[in-house]
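So this block is data.txt, compact mmCIF, C-alpha atoms:
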# COMPACT_ATOMS: atom_id res chain seq x y z
CA SER A 8 16.06 122.03 179.92
CA TYR A 9 16.04 118.61 178.30
CA GLU A 10 16.52 115.55 180.50
CA LEU A 11 17.36 111.90 179.98
CA THR A 12 16.17 109.57 182.73
CA GLN A 13 18.03 106.45 183.85
CA PRO A 14 17.46 104.17 186.85
CA PRO A 15 20.10 104.84 189.53
CA SER A 16 21.06 101.21 189.84
CA VAL A 17 20.74 97.78 188.26
CA SER A 18 22.13 94.53 189.57
CA ALA A 19 22.84 91.19 187.92
CA SER A 20 24.66 88.03 188.86
CA PRO A 21 27.49 86.72 186.67
CA GLY A 22 26.10 85.09 183.54
CA GLU A 23 22.76 86.88 183.75
CA THR A 24 21.43 89.60 181.47
CA ALA A 25 21.43 93.22 182.58
CA ARG A 26 19.20 95.83 180.98
CA ILE A 27 19.68 99.56 181.51
CA THR A 28 17.08 101.98 180.20
CA CYS A 29 17.23 105.62 179.20
CA SER A 30 14.11 107.65 178.48
CA GLY A 31 13.64 111.02 176.85
CA ASP A 32 11.00 112.75 174.75
CA ALA A 33 13.35 113.41 171.83
CA LEU A 34 14.86 109.93 171.65
CA PRO A 35 12.72 108.85 168.67
CA LYS A 36 14.37 111.65 166.67
CA ASN A 37 17.94 111.63 167.94
CA TYR A 38 20.64 109.01 168.27
CA VAL A 39 21.69 107.67 171.63
CA TYR A 40 25.22 106.86 172.74
CA TRP A 41 26.19 104.69 175.71
CA TYR A 42 29.31 105.05 177.85
CA GLN A 43 30.86 102.73 180.39
CA HIS A 44 32.64 104.54 183.23
CA ARG A 45 34.75 102.70 185.73
CA PRO A 46 36.11 104.55 188.79
CA GLY A 47 39.34 106.38 188.14
CA GLN A 48 39.22 105.74 184.39
CA ALA A 49 38.07 107.68 181.37
CA PRO A 50 34.61 106.83 180.03
CA VAL A 51 34.48 104.36 177.14
CA LEU A 52 32.02 104.49 174.25
CA VAL A 53 30.26 101.10 174.07
CA ILE A 54 27.30 101.86 171.75
CA TYR A 55 26.84 104.63 169.18
CA LYS A 56 23.89 105.63 167.01
CA ASP A 57 21.46 103.58 169.11
CA LYS A 58 22.80 100.11 168.35
CA GLU A 59 26.22 100.20 166.70
CA ARG A 60 29.26 98.81 168.50
CA PRO A 61 32.70 100.40 168.22
CA SER A 62 35.54 98.04 167.41
CA GLY A 63 36.77 96.18 170.45
CA ILE A 64 33.41 96.15 172.24
CA PRO A 65 32.15 92.58 172.73
CA ASP A 66 28.92 91.55 171.00
CA ARG A 67 27.32 90.69 174.33
CA ILE A 68 26.79 94.45 174.69
CA SER A 69 23.94 95.73 172.53
CA GLY A 70 21.58 98.65 172.17
CA SER A 71 17.95 98.88 171.13
CA THR A 72 15.22 101.48 170.88
CA SER A 73 11.47 101.58 171.39
CA GLY A 74 9.87 104.98 171.11
CA THR A 75 11.03 107.25 173.89
CA ILE A 76 12.98 104.50 175.65
CA VAL A 77 16.34 103.08 174.65
CA THR A 78 17.93 100.07 176.28
CA LEU A 79 21.50 98.92 176.81
CA THR A 80 21.61 95.15 177.18
CA ILE A 81 24.57 93.21 178.52
CA THR A 82 24.21 89.45 178.20
CA GLY A 83 26.40 87.01 180.11
CA VAL A 84 27.31 89.72 182.62
CA GLN A 85 30.87 89.51 183.92
CA ALA A 86 32.55 91.09 186.93
CA GLU A 87 34.43 93.45 184.62
CA ASP A 88 31.10 94.93 183.48
CA GLU A 89 30.56 96.54 186.88
CA ALA A 90 30.61 100.26 186.17
CA VAL A 91 28.37 103.28 185.80
CA TYR A 92 26.67 103.48 182.40
CA TYR A 93 25.55 106.78 180.90
CA CYS A 94 23.33 107.48 177.92
CA LEU A 95 24.01 110.58 175.81
CA SER A 96 21.73 112.25 173.31
CA SER A 97 20.39 115.64 172.26
CA ASP A 98 17.08 117.42 172.16
CA SER A 99 15.21 118.14 168.96
CA SER A 100 15.35 121.90 169.11
CA GLY A 101 19.10 122.14 168.83
CA SER A 102 19.27 124.11 172.05
CA TYR A 103 21.00 121.27 173.85
CA PRO A 104 23.44 119.59 171.52
CA TRP A 105 24.39 117.02 174.12
CA VAL A 106 22.78 115.80 177.33
CA PHE A 107 23.85 112.92 179.56
CA GLY A 108 21.49 110.78 181.54
CA GLY A 109 22.07 110.62 185.27
CA GLY A 110 23.94 107.34 185.05
CA THR A 111 23.12 103.79 186.17
CA LYS A 112 25.41 101.83 188.47
CA LEU A 113 25.57 98.22 187.33
CA THR A 114 26.47 95.98 190.24
CA VAL A 115 27.61 92.45 189.43
CA GLU B 101 46.82 105.42 168.96
CA VAL B 102 44.66 108.40 169.86
CA ARG B 103 45.91 110.20 172.94
CA LEU B 104 44.48 113.19 174.76
CA LEU B 105 46.00 114.89 177.78
CA GLU B 106 44.32 117.59 179.80
CA SER B 107 46.14 120.10 181.99
CA GLY B 108 45.32 123.23 183.96
CA GLU B 109 45.09 124.83 187.38
CA GLY B 110 44.34 122.26 190.06
CA TRP B 111 42.96 124.78 192.53
CA VAL B 112 41.19 128.09 191.97
CA GLN B 113 39.46 130.48 194.34
CA PRO B 114 35.75 131.26 193.99
CA GLY B 115 35.21 134.12 191.60
CA GLY B 116 38.44 133.37 189.80
CA SER B 117 39.11 132.04 186.30
CA LEU B 118 40.15 128.66 185.00
CA GLY B 119 42.16 127.80 181.92
CA LEU B 120 42.36 124.21 180.70
CA SER B 121 44.30 122.73 177.79
CA CYS B 122 43.97 119.42 176.01
CA VAL B 123 46.70 118.23 173.67
CA GLY B 124 45.82 115.58 171.12
CA SER B 125 48.06 113.14 169.28
CA GLY B 126 47.72 110.06 167.13
CA PHE B 127 45.06 111.60 164.89
CA THR B 128 44.60 114.55 162.53
CA PHE B 129 43.41 117.00 165.17
CA ARG B 130 42.14 119.65 162.75
CA ASN B 131 39.65 117.21 161.19
CA TYR B 132 37.71 116.50 164.36
CA ALA B 133 35.22 118.34 166.48
CA MET B 134 36.14 118.35 170.15
CA THR B 135 34.26 118.57 173.42
CA TRP B 136 34.65 119.11 177.17
CA VAL B 137 32.80 117.03 179.75
CA ARG B 138 33.06 117.26 183.53
CA GLN B 139 32.15 115.17 186.53
CA ALA B 140 31.64 116.78 189.92
CA PRO B 141 32.46 114.68 193.00
CA GLY B 142 29.76 112.07 193.52
CA LYS B 143 27.83 113.25 190.45
CA GLY B 144 27.32 112.09 186.90
CA LEU B 145 28.89 113.19 183.64
CA GLU B 146 27.95 116.65 182.38
CA TRP B 147 28.58 117.88 178.83
CA ILE B 148 29.71 121.50 178.99
CA ALA B 149 31.06 122.66 175.62
CA SER B 150 31.88 121.59 172.06
CA ILE B 151 33.65 123.14 169.09
CA SER B 152 33.54 122.15 165.43
CA SER B 153 36.59 121.04 163.51
CA SER B 154 37.15 124.00 161.25
CA THR B 155 34.28 126.51 161.28
CA GLY B 156 34.79 127.29 164.92
CA LYS B 157 31.11 126.84 165.68
CA VAL B 158 30.71 126.48 169.43
CA PHE B 159 28.07 125.18 171.80
CA TYR B 160 27.76 125.57 175.56
CA ALA B 161 25.68 124.02 178.30
CA ASP B 162 23.50 126.37 180.32
CA SER B 163 25.68 125.82 183.39
CA VAL B 164 28.68 127.54 181.79
CA ASN B 165 27.11 129.63 179.02
CA GLY B 166 28.07 133.28 179.25
CA ARG B 167 31.12 132.70 181.41
CA SER B 168 33.04 130.17 179.32
CA THR B 169 35.03 130.07 176.09
CA ILE B 170 35.98 126.96 174.18
CA SER B 171 38.64 127.38 171.51
CA ARG B 172 41.25 125.45 169.59
CA ASP B 173 44.62 125.94 167.95
CA ASN B 174 44.88 123.36 165.20
CA SER B 175 48.53 124.26 164.60
CA LYS B 176 49.29 123.09 168.13
CA ASN B 177 46.79 120.20 168.25
CA THR B 178 45.37 121.84 171.34
CA LEU B 179 41.87 122.41 172.69
CA TYR B 180 41.21 125.05 175.33
CA LEU B 181 38.51 125.87 177.85
CA GLN B 182 38.25 129.03 179.93
CA ILE B 183 35.66 129.44 182.67
CA HIS B 184 35.23 132.69 184.58
CA SER B 185 33.36 133.60 187.76
CA LEU B 186 34.07 130.19 189.19
CA ARG B 187 31.81 128.73 191.85
CA PRO B 188 32.40 125.83 194.25
CA ASP B 189 30.03 123.72 192.14
CA ASP B 190 32.48 124.02 189.24
CA THR B 191 34.72 121.65 191.19
CA ALA B 192 35.04 118.59 188.98
CA VAL B 193 37.22 116.33 186.92
CA TYR B 194 37.33 117.90 183.47
CA TYR B 195 37.67 115.61 180.45
CA CYS B 196 38.29 116.47 176.82
CA ALA B 197 37.08 114.10 174.12
CA VAL B 198 37.16 113.68 170.35
CA ILE B 199 33.86 113.66 168.47
CA GLY B 200 34.15 110.84 165.97
CA VAL B 201 33.39 111.47 162.32
CA THR B 202 31.77 108.06 161.91
CA THR B 203 30.12 107.70 165.27
CA ASN B 204 29.28 111.37 165.95
CA GLY B 205 29.81 110.46 169.59
CA PHE B 206 32.64 111.13 172.02
CA ASP B 207 34.99 108.45 170.72
CA HIS B 208 38.15 108.96 172.73
CA TRP B 209 38.67 110.65 176.07
CA GLY B 210 41.59 112.01 178.01
CA PRO B 211 42.28 110.82 181.57
CA GLY B 212 40.80 114.03 182.98
CA THR B 213 42.17 116.74 185.24
CA LEU B 214 40.78 117.66 188.66
CA VAL B 215 39.89 121.28 189.33
CA THR B 216 38.96 122.35 192.84
CA VAL B 217 37.21 125.67 193.43
CA SER B 218 37.64 126.59 197.06
CA SER B 219 38.83 129.40 199.28
The structure in this file should be written as structure tokens.
Amino acid sequence: SYELTQPPSVSASPGETARITCSGDALPKNYVYWYQHRPGQAPVLVIYKDKERPSGIPDRISGSTSGTIVTLTITGVQAEDEAVYYCLSSDSSGSYPWVFGGGTKLTV
Amino acid sequence: EVRLLESGEGWVQPGGSLGLSCVGSGFTFRNYAMTWVRQAPGKGLEWIASISSSTGKVFYADSVNGRSTISRDNSKNTLYLQIHSLRPDDTAVYYCAVIGVTTNGFDHWGPGTLVTVSS
């Protein structure tokens, strides 16, 4: 089965920059989506198609790609950014339309 | 405003079957593909099934393939998920979500419904 790999945790102090990575062999060929998930709430889409922001998402949240690794960057981290972040993508064969990474807990 | 609301059995015995519903409002339901995602206690998000907007094409994750059915009734703005032969590791919060036409991602999510599989 196809897997996306994320670090279990990342920490940043308020005002710093946090970077969360997601790696997968098929990432150069398939878009990545990022979700913010706070406890007790529904996940929220924060980045789609690698680097696009949905309306309402602040521009201090951005996405980038480099080969088999994609990165979610949050600049000027705030307390409200503390959450688990998941990447979502698919494999190239079409056998796995959607796969989530394991999630990264951002601690502020 | 897009709204989704999941409902279903809160508790099911191992070996039993589960039926979930998700009612959508605030958007033209028939025009959007839909998906189910779950989160087991203490675990991450897991995509489990998706269905296209009109062709009825369906996709399943390995974990539920062969014992699950995703379907929709566009006249009722409702998405369904049935899972049979339930196991304790099917215990999870089950979310439905809309697959955006522009984003192709899971744009909007319901609040989720907890299903416990236990004897």
message: Can you measure atom CA of B:Val123 to atom CA of A:Trp41 for me? One decimal in Å is fine.
response: 24.7 Å
May I have a table of the residues of chain B lying at most 9 Å from chain A, giving each one's closest pair of atoms and their distance in Å to one decimal, counting only C-alpha atoms, ordered by chain and ascending residue number, as JSON lines?
{"residue": "B:Lys143", "atom": "CA", "partner": "A:Gly109", "partner_atom": "CA", "distance": 8.2}
{"residue": "B:Gly144", "atom": "CA", "partner": "A:Gly109", "partner_atom": "CA", "distance": 5.7}
{"residue": "B:Leu145", "atom": "CA", "partner": "A:Phe107", "partner_atom": "CA", "distance": 6.5}
{"residue": "B:Glu146", "atom": "CA", "partner": "A:Phe107", "partner_atom": "CA", "distance": 6.2}
{"residue": "B:Trp147", "atom": "CA", "partner": "A:Val106", "partner_atom": "CA", "distance": 6.3}
{"residue": "B:Ile148", "atom": "CA", "partner": "A:Trp105", "partner_atom": "CA", "distance": 8.5}
{"residue": "B:Ala149", "atom": "CA", "partner": "A:Trp105", "partner_atom": "CA", "distance": 8.9}
{"residue": "B:Ser150", "atom": "CA", "partner": "A:Pro104", "partner_atom": "CA", "distance": 8.7}
{"residue": "B:Phe159", "atom": "CA", "partner": "A:Pro104", "partner_atom": "CA", "distance": 7.3}
{"residue": "B:Tyr160", "atom": "CA", "partner": "A:Tyr103", "partner_atom": "CA", "distance": 8.2}
{"residue": "B:Ala161", "atom": "CA", "partner": "A:Tyr103", "partner_atom": "CA", "distance": 7.0}
{"residue": "B:Asp162", "atom": "CA", "partner": "A:Tyr103", "partner_atom": "CA", "distance": 8.6}
{"residue": "B:Tyr195", "atom": "CA", "partner": "A:Ala49", "partner_atom": "CA", "distance": 8.0}
{"residue": "B:Thr203", "atom": "CA", "partner": "A:Tyr55", "partner_atom": "CA", "distance": 6.0}
{"residue": "B:Asn204", "atom": "CA", "partner": "A:Tyr55", "partner_atom": "CA", "distance": 7.9}
{"residue": "B:Gly205", "atom": "CA", "partner": "A:Tyr55", "partner_atom": "CA", "distance": 6.6}
{"residue": "B:Phe206", "atom": "CA", "partner": "A:Leu52", "partner_atom": "CA", "distance": 7.0}
{"residue": "B:Asp207", "atom": "CA", "partner": "A:Leu52", "partner_atom": "CA", "distance": 6.1}
{"residue": "B:His208", "atom": "CA", "partner": "A:Val51", "partner_atom": "CA", "distance": 7.4}
{"residue": "B:Trp209", "atom": "CA", "partner": "A:Ala49", "partner_atom": "CA", "distance": 6.1}
{"residue": "B:Gly210", "atom": "CA", "partner": "A:Ala49", "partner_atom": "CA", "distance": 6.5}
{"residue": "B:Pro211", "atom": "CA", "partner": "A:Ala49", "partner_atom": "CA", "distance": 5.3}
{"residue": "B:Gly212", "atom": "CA", "partner": "A:Ala49", "partner_atom": "CA", "distance": 7.1}
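Pairwise distance (atom CA of A:Ser18, atom CA of A:Ile64) equals 20.7 Å.
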- line: Restricting to only C-alpha atoms, whichever of B:Asp173, B:Glu106, B:Asp189, B:Glu101 is closest to B:Gly142 is B:Asp189
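Here atom CA of A:Val84 and atom CA of A:Thr12 stand 22.8 Å from one another.
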Excluding B:Thr155 and any residue of its chain fewer than 4 positions from it, enumerate the residues within 12 Å of it, using all atoms listed in the file, and give them as a short mmCIF file (atom, residue, chain, number, x, y, z; two decimals) with C-alpha atoms, keeping the file's coordinate frame.
data_model
loop_
_atom_site.label_atom_id
_atom_site.label_comp_id
_atom_site.auth_asym_id
_atom_site.auth_seq_id
_atom_site.Cartn_x
_atom_site.Cartn_y
_atom_site.Cartn_z
CA ARG B 130 42.14 119.65 162.75
CA ASN B 131 39.65 117.21 161.19
CA TYR B 132 37.71 116.50 164.36
CA ALA B 133 35.22 118.34 166.48
CA ILE B 151 33.65 123.14 169.09
CA SER B 171 38.64 127.38 171.51
CA ARG B 172 41.25 125.45 169.59
CA ASN B 174 44.88 123.36 165.20
#
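Residue nearest B:Ser152, chosen from B:Leu104, B:Ile199, B:Ala192, B:Val215 and counting all atoms listed in the file: B:Ile199.
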Residues within 7 Å of B:Arg103, all atoms listed in the file, excluding chain neighbours under 5 positions, as an MDAnalysis selection string: chainID B and resid 124:126 210
message: Please list as number ranges by chain every residue within 7 Å of stretch 182-184 of chain B, counting only C-alpha atoms and excluding residues in the same chain fewer than 4 positions away.
response: B: 116-120, 167-170
Please dump the current selection as a JSON list (two decimals), in the frame of the given file; keep C-alpha atoms.
[["chain", "number", "residue", "atom", "x", "y", "z"],
["B", 116, "GLY", "CA", 38.44, 133.37, 189.80],
["B", 117, "SER", "CA", 39.11, 132.04, 186.30],
["B", 118, "LEU", "CA", 40.15, 128.66, 185.00],
["B", 119, "GLY", "CA", 42.16, 127.80, 181.92],
["B", 120, "LEU", "CA", 42.36, 124.21, 180.70],
["B", 167, "ARG", "CA", 31.12, 132.70, 181.41],
["B", 168, "SER", "CA", 33.04, 130.17, 179.32],
["B", 169, "THR", "CA", 35.03, 130.07, 176.09],
["B", 170, "ILE", "CA", 35.98, 126.96, 174.18]]
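Here the question is which of B:Pro141, B:Ser218, B:Met134, B:Leu181 gets nearest to B:Gly156 using all atoms listed in the file, and that residue is B:Met134.
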- prompt: Out of A:Ile68, A:Ala33, A:Val77, A:Leu113, which residue has the shortest atom-to-atom distance to A:Ser20 when counting only C-alpha atoms?
  reply: A:Leu113
task: Go through A:Thr24, A:Gln13, A:Thr75, A:Ser30 and flag the residue nearest A:Val115, using all atoms listed in the file for the distances.
output: A:Thr24
